[in-house]
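As stored in work_22.tsv (TSV, C-alpha atoms):
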```tsv
chain	number	residue	atom	x	y	z
A	1	MET	CA	15.82	106.41	50.28
A	2	ILE	CA	18.08	104.58	47.84
A	3	LYS	CA	17.98	106.14	44.38
A	4	SER	CA	21.13	104.82	42.74
A	5	LEU	CA	23.44	101.83	42.42
A	6	ILE	CA	27.09	102.40	41.51
A	7	PHE	CA	29.17	99.52	40.18
A	8	ASP	CA	32.89	99.04	39.88
A	9	PHE	CA	33.79	97.28	36.62
A	10	ASP	CA	37.00	95.24	36.75
A	11	GLY	CA	36.59	92.26	39.04
A	12	LEU	CA	33.03	93.19	39.97
A	13	ILE	CA	30.99	93.06	36.76
A	14	LEU	CA	33.61	91.01	34.90
A	15	ASP	CA	36.61	89.23	36.39
A	16	THR	CA	39.33	90.87	34.33
A	17	GLU	CA	41.73	90.86	37.27
A	18	THR	CA	42.49	87.17	37.69
A	19	PRO	CA	43.55	86.62	34.03
A	20	GLU	CA	45.81	89.69	34.13
A	21	LEU	CA	47.54	88.61	37.34
A	22	GLU	CA	48.05	85.08	36.02
A	23	ALA	CA	49.57	86.42	32.80
A	24	TRP	CA	52.03	88.55	34.77
A	25	GLN	CA	52.85	85.64	37.09
A	26	ALA	CA	53.81	83.58	34.04
A	27	VAL	CA	56.21	86.34	32.95
A	28	TYR	CA	57.76	86.55	36.42
A	29	ARG	CA	58.31	82.77	36.52
A	30	GLU	CA	60.14	82.92	33.21
A	31	HIS	CA	62.58	85.24	34.99
A	32	ALA	CA	62.80	82.89	38.03
A	33	HIS	CA	60.71	85.12	40.30
A	34	GLU	CA	57.23	85.06	41.78
A	35	LEU	CA	54.60	87.80	41.77
A	36	SER	CA	52.43	87.46	44.86
A	37	VAL	CA	48.77	88.33	45.08
A	38	HIS	CA	49.55	90.83	47.83
A	39	THR	CA	52.19	92.64	45.78
A	40	TRP	CA	49.79	92.85	42.83
A	41	GLY	CA	46.99	93.85	45.18
A	42	GLN	CA	48.51	97.32	45.64
A	43	ILE	CA	47.01	98.40	42.31
A	44	VAL	CA	43.89	96.23	42.11
A	45	GLY	CA	40.86	98.48	41.83
A	46	GLY	CA	42.92	101.64	41.41
A	47	ALA	CA	46.51	102.77	41.34
A	48	GLY	CA	45.94	106.10	43.06
A	49	ALA	CA	47.83	105.05	46.19
A	50	SER	CA	50.75	103.17	44.64
A	51	SER	CA	53.46	103.66	42.03
A	52	PHE	CA	53.90	99.89	41.56
A	53	THR	CA	54.33	98.65	38.00
A	54	PRO	CA	55.13	95.00	37.28
A	55	THR	CA	57.82	95.74	34.67
A	56	SER	CA	59.78	98.09	36.93
A	57	HIS	CA	59.40	95.70	39.85
A	58	LEU	CA	60.65	92.78	37.77
A	59	GLU	CA	63.62	94.86	36.60
A	60	GLN	CA	64.54	95.48	40.24
A	61	LEU	CA	64.30	91.77	41.03
A	62	THR	CA	66.35	90.62	38.04
A	63	GLY	CA	68.77	93.54	37.77
A	64	LYS	CA	68.18	93.46	34.01
A	65	LYS	CA	66.76	96.01	31.59
A	66	LEU	CA	63.45	94.77	30.21
A	67	ASP	CA	61.37	95.75	27.21
A	68	HIS	CA	58.39	97.25	29.05
A	69	ALA	CA	56.25	97.77	25.96
A	70	ALA	CA	56.77	94.23	24.70
A	71	LEU	CA	55.94	92.67	28.07
A	72	HIS	CA	52.80	94.76	28.49
A	73	ALA	CA	51.67	93.88	24.96
A	74	ARG	CA	52.24	90.18	25.58
A	75	VAL	CA	50.35	90.19	28.88
A	76	SER	CA	47.54	92.18	27.33
A	77	THR	CA	47.17	89.71	24.47
A	78	ASN	CA	47.26	86.64	26.71
A	79	SER	CA	44.83	87.97	29.33
A	80	LEU	CA	42.46	89.57	26.81
A	81	ASP	CA	41.97	86.25	25.07
A	82	ILE	CA	40.57	84.83	28.32
A	83	ILE	CA	38.61	87.96	29.29
A	84	GLN	CA	36.82	88.19	25.96
A	85	ARG	CA	35.48	84.67	26.44
A	86	SER	CA	34.42	85.30	30.04
A	87	ALA	CA	30.85	85.74	31.25
A	88	PRO	CA	29.83	88.42	33.75
A	89	ARG	CA	30.07	87.51	37.41
A	90	PRO	CA	27.06	85.73	38.95
A	91	GLY	CA	24.04	87.86	39.82
A	92	VAL	CA	25.18	91.02	38.06
A	93	GLU	CA	22.59	91.05	35.30
A	94	THR	CA	19.80	90.06	37.69
A	95	ILE	CA	20.57	93.07	39.90
A	96	LEU	CA	20.81	95.37	36.88
A	97	ARG	CA	17.43	94.25	35.55
A	98	ALA	CA	15.75	94.54	38.95
A	99	ALA	CA	17.20	98.01	39.48
A	100	LYS	CA	16.01	99.23	36.09
A	101	HIS	CA	12.54	97.82	36.77
A	102	ARG	CA	12.50	99.71	40.07
A	103	GLY	CA	13.54	102.96	38.37
A	104	LEU	CA	16.92	103.33	40.07
A	105	LYS	CA	19.72	105.29	38.43
A	106	LEU	CA	22.73	103.12	37.57
A	107	ALA	CA	26.36	104.14	37.16
A	108	VAL	CA	29.77	102.59	36.63
A	109	ALA	CA	32.74	104.10	38.46
A	110	SER	CA	35.98	102.52	37.24
A	111	SER	CA	39.67	103.37	37.54
A	112	SER	CA	40.16	101.86	34.07
A	113	PRO	CA	39.96	103.90	30.84
A	114	HIS	CA	36.75	104.34	28.84
A	115	HIS	CA	37.89	102.28	25.86
A	116	TRP	CA	38.31	99.26	28.15
A	117	VAL	CA	35.15	99.65	30.19
A	118	ASP	CA	32.84	100.75	27.37
A	119	GLY	CA	34.16	98.06	25.07
A	120	HIS	CA	33.44	95.23	27.49
A	121	LEU	CA	30.07	96.65	28.55
A	122	ASN	CA	29.06	96.73	24.90
A	123	ARG	CA	30.25	93.15	24.37
A	124	LEU	CA	28.23	92.00	27.39
A	125	LYS	CA	25.23	94.08	26.20
A	126	PHE	CA	25.23	95.89	29.55
A	127	HIS	CA	26.01	99.42	28.32
A	128	ALA	CA	22.35	100.43	27.96
A	129	TYR	CA	21.62	99.65	31.62
A	130	PHE	CA	23.76	102.55	32.82
A	131	ASP	CA	22.80	106.20	33.08
A	132	ALA	CA	26.43	107.26	33.63
A	133	ILE	CA	29.85	105.69	33.12
A	134	LEU	CA	32.76	107.37	34.91
A	135	CYS	CA	36.31	106.24	34.15
A	136	ALA	CA	39.92	107.26	34.77
A	137	GLU	CA	39.78	110.09	32.21
A	138	ASP	CA	36.89	111.74	34.04
A	139	VAL	CA	38.68	112.51	37.31
A	140	THR	CA	42.05	113.76	38.52
A	141	ARG	CA	42.53	110.93	41.03
A	142	THR	CA	41.40	107.31	40.83
A	143	LYS	CA	40.65	104.91	43.69
A	144	PRO	CA	41.33	104.74	46.60
A	145	HIS	CA	40.47	108.44	46.35
A	146	PRO	CA	36.69	109.07	46.34
A	147	ASP	CA	36.63	111.22	43.18
A	148	LEU	CA	35.08	108.60	40.87
A	149	PHE	CA	32.22	107.90	43.25
A	150	LEU	CA	31.59	111.57	43.91
A	151	ALA	CA	31.49	112.17	40.15
A	152	ALA	CA	29.07	109.26	39.72
A	153	LEU	CA	26.78	110.66	42.41
A	154	LYS	CA	26.74	114.02	40.66
A	155	ALA	CA	26.04	112.39	37.30
A	156	VAL	CA	22.97	110.55	38.55
A	157	GLY	CA	21.74	113.32	40.88
A	158	ALA	CA	22.10	111.39	44.13
A	159	GLN	CA	23.50	112.14	47.57
A	160	PRO	CA	25.90	109.73	49.33
A	161	GLY	CA	23.12	108.40	51.57
A	162	GLU	CA	20.96	107.65	48.53
A	163	ALA	CA	23.35	105.21	46.84
A	164	ILE	CA	24.88	101.76	47.15
A	165	VAL	CA	28.35	100.95	45.80
A	166	PHE	CA	29.42	97.47	44.71
A	167	GLU	CA	33.16	96.82	44.86
A	168	ASP	CA	35.55	93.88	44.86
A	169	SER	CA	38.83	95.41	46.08
A	170	PRO	CA	40.36	97.12	49.13
A	171	ASN	CA	41.04	100.28	47.08
A	172	GLY	CA	37.46	100.37	45.87
A	173	ILE	CA	35.88	99.90	49.28
A	174	LEU	CA	38.14	102.58	50.75
A	175	ALA	CA	37.13	105.00	47.99
A	176	ALA	CA	33.43	104.28	48.51
A	177	LYS	CA	33.61	104.85	52.26
A	178	ARG	CA	35.60	108.05	51.74
A	179	ALA	CA	32.70	109.21	49.57
A	180	GLY	CA	30.29	108.37	52.40
A	181	ILE	CA	28.40	105.67	50.47
A	182	PHE	CA	27.03	102.32	51.68
A	183	ALA	CA	29.63	99.85	50.35
A	184	VAL	CA	29.04	96.22	49.41
A	185	ALA	CA	32.16	94.09	48.99
A	186	VAL	CA	31.85	91.28	46.45
A	187	PRO	CA	35.38	89.83	46.19
A	188	ASN	CA	36.41	87.71	43.21
A	189	PRO	CA	38.83	84.76	43.52
A	190	LEU	CA	41.80	87.15	43.41
A	191	THR	CA	40.58	89.93	45.71
A	192	ALA	CA	39.19	87.42	48.21
A	193	GLN	CA	42.86	86.84	49.09
A	194	LEU	CA	43.40	90.51	49.90
A	195	LYS	CA	42.58	92.35	53.12
A	196	ILE	CA	39.33	94.20	52.50
A	197	GLU	CA	38.18	96.39	55.37
A	198	GLY	CA	35.40	98.84	56.14
A	199	GLU	CA	32.62	97.47	53.96
A	200	ASP	CA	29.02	97.66	55.20
A	201	LEU	CA	28.15	94.27	53.72
A	202	ARG	CA	30.13	91.42	52.18
A	203	LEU	CA	28.76	88.91	49.68
A	204	HIS	CA	30.23	85.90	47.93
A	205	SER	CA	28.38	86.99	44.79
A	206	LEU	CA	25.53	89.27	43.79
A	207	ALA	CA	23.44	86.13	43.29
A	208	ASP	CA	23.36	85.70	47.07
A	209	ILE	CA	20.94	88.56	47.79
A	210	THR	CA	17.88	90.24	46.30
A	211	LEU	CA	17.75	93.90	45.39
A	212	GLU	CA	15.00	94.41	47.94
A	213	GLU	CA	17.15	93.02	50.75
A	214	LEU	CA	20.10	95.14	49.65
A	215	ILE	CA	18.04	98.29	49.72
A	216	PHE	CA	16.57	97.38	53.11
A	217	ARG	CA	20.06	96.84	54.53
A	218	ALA	CA	21.31	100.15	53.15
A	219	GLU	CA	18.32	102.18	54.28
A	220	ASN	CA	18.42	100.71	57.79
A	221	ARG	CA	22.16	100.78	58.45
```
This structure in structure tokens:
Amino acid sequence: MIKSLIFDFDGLILDTETPELEAWQAVYREHAHELSVHTWGQIVGGAGASSFTPTSHLEQLTGKKLDHAALHARVSTNSLDIIQRSAPRPGVETILRAAKHRGLKLAVASSSPHHWVDGHLNRLKFHAYFDAILCAEDVTRTKPHPDLFLAALKAVGAQPGEAIVFEDSPNGILAAKRAGIFAVAVPNPLTAQLKIEGEDLRLHSLADITLEELIFRAENR
């Protein structure tokens, strides 16, 4: 019996990933190089399996010493301007409302820090939907390791077979399956270009399915 829904944040509830990639791509082009989606995809959804950083990578490509702090600050400013004006992804609030009405426990499990996740959830007025919010500070290892999802299960008092995870990235789906949870892939425009494997169900958006059908699929896998 499904008792809980666990949501990724970046790229799943809010598409924060596309603006950040585009901001870094603009920086790379200024240095006469390209940053591919697949190179960036190593850290989308969690950096637990990769040491890639765009500033170090760009230094290797250019052979020049770069001001890491200045570049990160610039990208943050440029991408945040877009993100703060962005609406949640389609279907997210409908699923949240339906789940609350049904009495399900809801959690966020994100590889991002609390200040980022909590801040955006408050702006979207979604924070009150969730019974638990687990972020990078709450675990030793982020995705693709299963720690965040295992911590979320513990926080809401559910077993792996009693939950559904919603994810947009390869790292996130891998983490969910390592935790033994039914995993729904909902790629955004960026992560749709990456190789996502192992999901139990794939959707174009959360607007494409009802909560009742989701639960039926998970309970009858």
Point to revise | All residues 8 Å or closer to Tyr129 of chain A, all atoms listed in the file, same chain fewer than 6 positions away omitted, as JSON, numbers by chain | key: {"A": [96, 97, 100, 106]}
Put a box with edges along x, y and z around all the listed atoms of segment 5-16 of chain A, pad it by 4 Å on each side, then give me its centre and sizes in Å, one decimal, as AutoDock Vina command-line options.
```
--center_x 31.4 --center_y 95.8 --center_z 38.4 --size_x 23.9 --size_y 21.2 --size_z 16.1
```
Check your understanding: So how many Å separate atom CA of Leu174 of chain A and atom CA of Glu93 of chain A, to one decimal?
Key -> 24.8 Å
Would you list the contacts of Phe130 of chain A as a PDB file with C-alpha atoms, in the frame of the given file, taking every protein, DNA or RNA residue within 12 Å and counting all atoms listed in the file, but skipping same-chain residues closer than 4 positions in sequence?
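What landed in selection23.pdb:
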```
ATOM      1  CA  SER A   4      21.130 104.820  42.740  1.00  0.00           C
ATOM      2  CA  LEU A   5      23.440 101.830  42.420  1.00  0.00           C
ATOM      3  CA  ILE A   6      27.090 102.400  41.510  1.00  0.00           C
ATOM      4  CA  PHE A   7      29.170  99.520  40.180  1.00  0.00           C
ATOM      5  CA  PHE A   9      33.790  97.280  36.620  1.00  0.00           C
ATOM      6  CA  GLU A  93      22.590  91.050  35.300  1.00  0.00           C
ATOM      7  CA  LEU A  96      20.810  95.370  36.880  1.00  0.00           C
ATOM      8  CA  ARG A  97      17.430  94.250  35.550  1.00  0.00           C
ATOM      9  CA  ALA A  99      17.200  98.010  39.480  1.00  0.00           C
ATOM     10  CA  LYS A 100      16.010  99.230  36.090  1.00  0.00           C
ATOM     11  CA  GLY A 103      13.540 102.960  38.370  1.00  0.00           C
ATOM     12  CA  LEU A 104      16.920 103.330  40.070  1.00  0.00           C
ATOM     13  CA  LYS A 105      19.720 105.290  38.430  1.00  0.00           C
ATOM     14  CA  LEU A 106      22.730 103.120  37.570  1.00  0.00           C
ATOM     15  CA  ALA A 107      26.360 104.140  37.160  1.00  0.00           C
ATOM     16  CA  VAL A 108      29.770 102.590  36.630  1.00  0.00           C
ATOM     17  CA  ALA A 109      32.740 104.100  38.460  1.00  0.00           C
ATOM     18  CA  ASP A 118      32.840 100.750  27.370  1.00  0.00           C
ATOM     19  CA  LEU A 121      30.070  96.650  28.550  1.00  0.00           C
ATOM     20  CA  ASN A 122      29.060  96.730  24.900  1.00  0.00           C
ATOM     21  CA  LYS A 125      25.230  94.080  26.200  1.00  0.00           C
ATOM     22  CA  PHE A 126      25.230  95.890  29.550  1.00  0.00           C
ATOM     23  CA  LEU A 134      32.760 107.370  34.910  1.00  0.00           C
ATOM     24  CA  ALA A 152      29.070 109.260  39.720  1.00  0.00           C
ATOM     25  CA  ALA A 155      26.040 112.390  37.300  1.00  0.00           C
ATOM     26  CA  VAL A 156      22.970 110.550  38.550  1.00  0.00           C
TER      27      VAL A 156
END
```
Exercise for review: Within 7 Å of segment 190-195 of chain A, counting all atoms listed in the file, which residues show up once you throw out same-chain ones fewer than 4 positions away? Write them as a list in words, please.
Suggested key: Thr18, His38, Gly41, Asp168, Ser169 and Pro170 of chain A
Review point. Which neighbours of Ala136 of chain A fall inside 6 Å, counting only C-alpha atoms, when residues of the same chain fewer than 6 positions from it are skipped, and could you give them as JSON, numbers by chain?
Key: {"A": [111, 112, 113]}
Exercise for review: Please work out which residues fall within 12 Å of (57.1, 87.1, 41.8), coordinates as given in the file, with only C-alpha atoms counting, and return them as a PyMOL selection string.
Suggested key: chain A and resi 21-40+54-55+57-62
Practice item. Just give me the gap between atom CA of Gly161 of chain A and atom CA of Gly91 of chain A in Å, one decimal is fine. Key: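 Separation between atom CA of Gly161 of chain A and atom CA of Gly91 of chain A: 23.7 Å.
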Practice item. Quick one: everything within 10 Å of Gly172 of chain A, counting only C-alpha atoms, minus sequence neighbours fewer than 4 positions away in the same chain. Send it as a list in words. Key: Asp8, Val44, Gly45, Gly46, Ala109, Ser110, Ser111, Thr142, Lys143, Pro144, His145, Pro146, Leu148, Phe149, Val165, Phe166, Glu167, Asp168, Ala176, Lys177, Arg178, Ala183, Ala185, Ile196 and Glu199 of chain A
Please dump the current selection as a PDB file, keeping the file's coordinate frame; keep C-alpha atoms.
```pdb
ATOM      1  CA  ASP A   8      32.890  99.040  39.880  1.00  0.00           C
ATOM      2  CA  VAL A  44      43.890  96.230  42.110  1.00  0.00           C
ATOM      3  CA  GLY A  45      40.860  98.480  41.830  1.00  0.00           C
ATOM      4  CA  GLY A  46      42.920 101.640  41.410  1.00  0.00           C
ATOM      5  CA  ALA A 109      32.740 104.100  38.460  1.00  0.00           C
ATOM      6  CA  SER A 110      35.980 102.520  37.240  1.00  0.00           C
ATOM      7  CA  SER A 111      39.670 103.370  37.540  1.00  0.00           C
ATOM      8  CA  THR A 142      41.400 107.310  40.830  1.00  0.00           C
ATOM      9  CA  LYS A 143      40.650 104.910  43.690  1.00  0.00           C
ATOM     10  CA  PRO A 144      41.330 104.740  46.600  1.00  0.00           C
ATOM     11  CA  HIS A 145      40.470 108.440  46.350  1.00  0.00           C
ATOM     12  CA  PRO A 146      36.690 109.070  46.340  1.00  0.00           C
ATOM     13  CA  LEU A 148      35.080 108.600  40.870  1.00  0.00           C
ATOM     14  CA  PHE A 149      32.220 107.900  43.250  1.00  0.00           C
ATOM     15  CA  VAL A 165      28.350 100.950  45.800  1.00  0.00           C
ATOM     16  CA  PHE A 166      29.420  97.470  44.710  1.00  0.00           C
ATOM     17  CA  GLU A 167      33.160  96.820  44.860  1.00  0.00           C
ATOM     18  CA  ASP A 168      35.550  93.880  44.860  1.00  0.00           C
ATOM     19  CA  ALA A 176      33.430 104.280  48.510  1.00  0.00           C
ATOM     20  CA  LYS A 177      33.610 104.850  52.260  1.00  0.00           C
ATOM     21  CA  ARG A 178      35.600 108.050  51.740  1.00  0.00           C
ATOM     22  CA  ALA A 183      29.630  99.850  50.350  1.00  0.00           C
ATOM     23  CA  ALA A 185      32.160  94.090  48.990  1.00  0.00           C
ATOM     24  CA  ILE A 196      39.330  94.200  52.500  1.00  0.00           C
ATOM     25  CA  GLU A 199      32.620  97.470  53.960  1.00  0.00           C
TER      26      GLU A 199
END
```
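Considering only C-alpha atoms, the residue among A:His115, A:Ala69, A:Thr16, A:Phe52 positioned nearest to Ile82 of chain A is A:Thr16.
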Review point. What is the distance between atom CA of Lys64 of chain A and atom CA of Asn78 of chain A, in Å to one decimal?
Key: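 Value for the atom CA of Lys64 of chain A-atom CA of Asn78 of chain A distance: 23.2 Å.
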Restore N, CA and C atoms in segment 179-202 of chain A and list the result as an mmCIF file, in the coordinates of the input.
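Written file, result03.cif:
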```cif
data_model
loop_
_atom_site.group_PDB
_atom_site.id
_atom_site.type_symbol
_atom_site.label_atom_id
_atom_site.label_comp_id
_atom_site.auth_asym_id
_atom_site.auth_seq_id
_atom_site.Cartn_x
_atom_site.Cartn_y
_atom_site.Cartn_z
ATOM 1 N N ALA A 179 33.774 108.426 50.195
ATOM 2 C CA ALA A 179 32.700 109.210 49.570
ATOM 3 C C ALA A 179 31.424 109.183 50.420
ATOM 4 N N GLY A 180 31.430 108.419 51.496
ATOM 5 C CA GLY A 180 30.290 108.370 52.400
ATOM 6 C C GLY A 180 29.142 107.495 51.925
ATOM 7 N N ILE A 181 29.438 106.493 51.086
ATOM 8 C CA ILE A 181 28.400 105.670 50.470
ATOM 9 C C ILE A 181 28.384 104.271 51.096
ATOM 10 N N PHE A 182 27.192 103.696 51.223
ATOM 11 C CA PHE A 182 27.030 102.320 51.680
ATOM 12 C C PHE A 182 27.776 101.401 50.709
ATOM 13 N N ALA A 183 28.720 100.617 51.214
ATOM 14 C CA ALA A 183 29.630 99.850 50.350
ATOM 15 C C ALA A 183 29.433 98.350 50.544
ATOM 16 N N VAL A 184 29.193 97.673 49.427
ATOM 17 C CA VAL A 184 29.040 96.220 49.410
ATOM 18 C C VAL A 184 30.276 95.605 48.767
ATOM 19 N N ALA A 185 30.979 94.783 49.519
ATOM 20 C CA ALA A 185 32.160 94.090 48.990
ATOM 21 C C ALA A 185 31.736 92.756 48.392
ATOM 22 N N VAL A 186 32.133 92.545 47.128
ATOM 23 C CA VAL A 186 31.850 91.280 46.450
ATOM 24 C C VAL A 186 33.166 90.782 45.856
ATOM 25 N N PRO A 187 34.055 90.233 46.682
ATOM 26 C CA PRO A 187 35.380 89.830 46.190
ATOM 27 C C PRO A 187 35.303 88.736 45.132
ATOM 28 N N ASN A 188 36.252 88.790 44.183
ATOM 29 C CA ASN A 188 36.410 87.710 43.210
ATOM 30 C C ASN A 188 37.501 86.768 43.723
ATOM 31 N N PRO A 189 37.824 85.690 43.000
ATOM 32 C CA PRO A 189 38.830 84.760 43.520
ATOM 33 C C PRO A 189 40.173 85.405 43.848
ATOM 34 N N LEU A 190 40.551 86.455 43.131
ATOM 35 C CA LEU A 190 41.800 87.150 43.410
ATOM 36 C C LEU A 190 41.665 88.042 44.639
ATOM 37 N N THR A 191 40.682 88.940 44.624
ATOM 38 C CA THR A 191 40.580 89.930 45.710
ATOM 39 C C THR A 191 40.103 89.322 47.021
ATOM 40 N N ALA A 192 39.545 88.110 46.970
ATOM 41 C CA ALA A 192 39.190 87.420 48.210
ATOM 42 C C ALA A 192 40.429 87.094 49.039
ATOM 43 N N GLN A 193 41.597 87.107 48.389
ATOM 44 C CA GLN A 193 42.860 86.840 49.090
ATOM 45 C C GLN A 193 43.482 88.095 49.683
ATOM 46 N N LEU A 194 42.887 89.246 49.396
ATOM 47 C CA LEU A 194 43.400 90.510 49.900
ATOM 48 C C LEU A 194 42.642 90.925 51.154
ATOM 49 N N LYS A 195 43.210 91.860 51.886
ATOM 50 C CA LYS A 195 42.580 92.350 53.120
ATOM 51 C C LYS A 195 41.636 93.492 52.778
ATOM 52 N N ILE A 196 40.351 93.188 52.759
ATOM 53 C CA ILE A 196 39.330 94.200 52.500
ATOM 54 C C ILE A 196 38.722 94.601 53.837
ATOM 55 N N GLU A 197 38.677 95.896 54.095
ATOM 56 C CA GLU A 197 38.180 96.390 55.370
ATOM 57 C C GLU A 197 37.208 97.542 55.161
ATOM 58 N N GLY A 198 36.256 97.664 56.102
ATOM 59 C CA GLY A 198 35.400 98.840 56.140
ATOM 60 C C GLY A 198 34.101 98.732 55.384
ATOM 61 N N GLU A 199 33.854 97.601 54.712
ATOM 62 C CA GLU A 199 32.620 97.470 53.960
ATOM 63 C C GLU A 199 31.423 97.381 54.903
ATOM 64 N N ASP A 200 30.256 97.759 54.423
ATOM 65 C CA ASP A 200 29.020 97.660 55.200
ATOM 66 C C ASP A 200 28.391 96.279 55.074
ATOM 67 N N LEU A 201 28.696 95.598 53.980
ATOM 68 C CA LEU A 201 28.150 94.270 53.720
ATOM 69 C C LEU A 201 29.102 93.531 52.807
ATOM 70 N N ARG A 202 29.274 92.229 53.052
ATOM 71 C CA ARG A 202 30.130 91.420 52.180
ATOM 72 C C ARG A 202 29.331 90.233 51.649
#
```
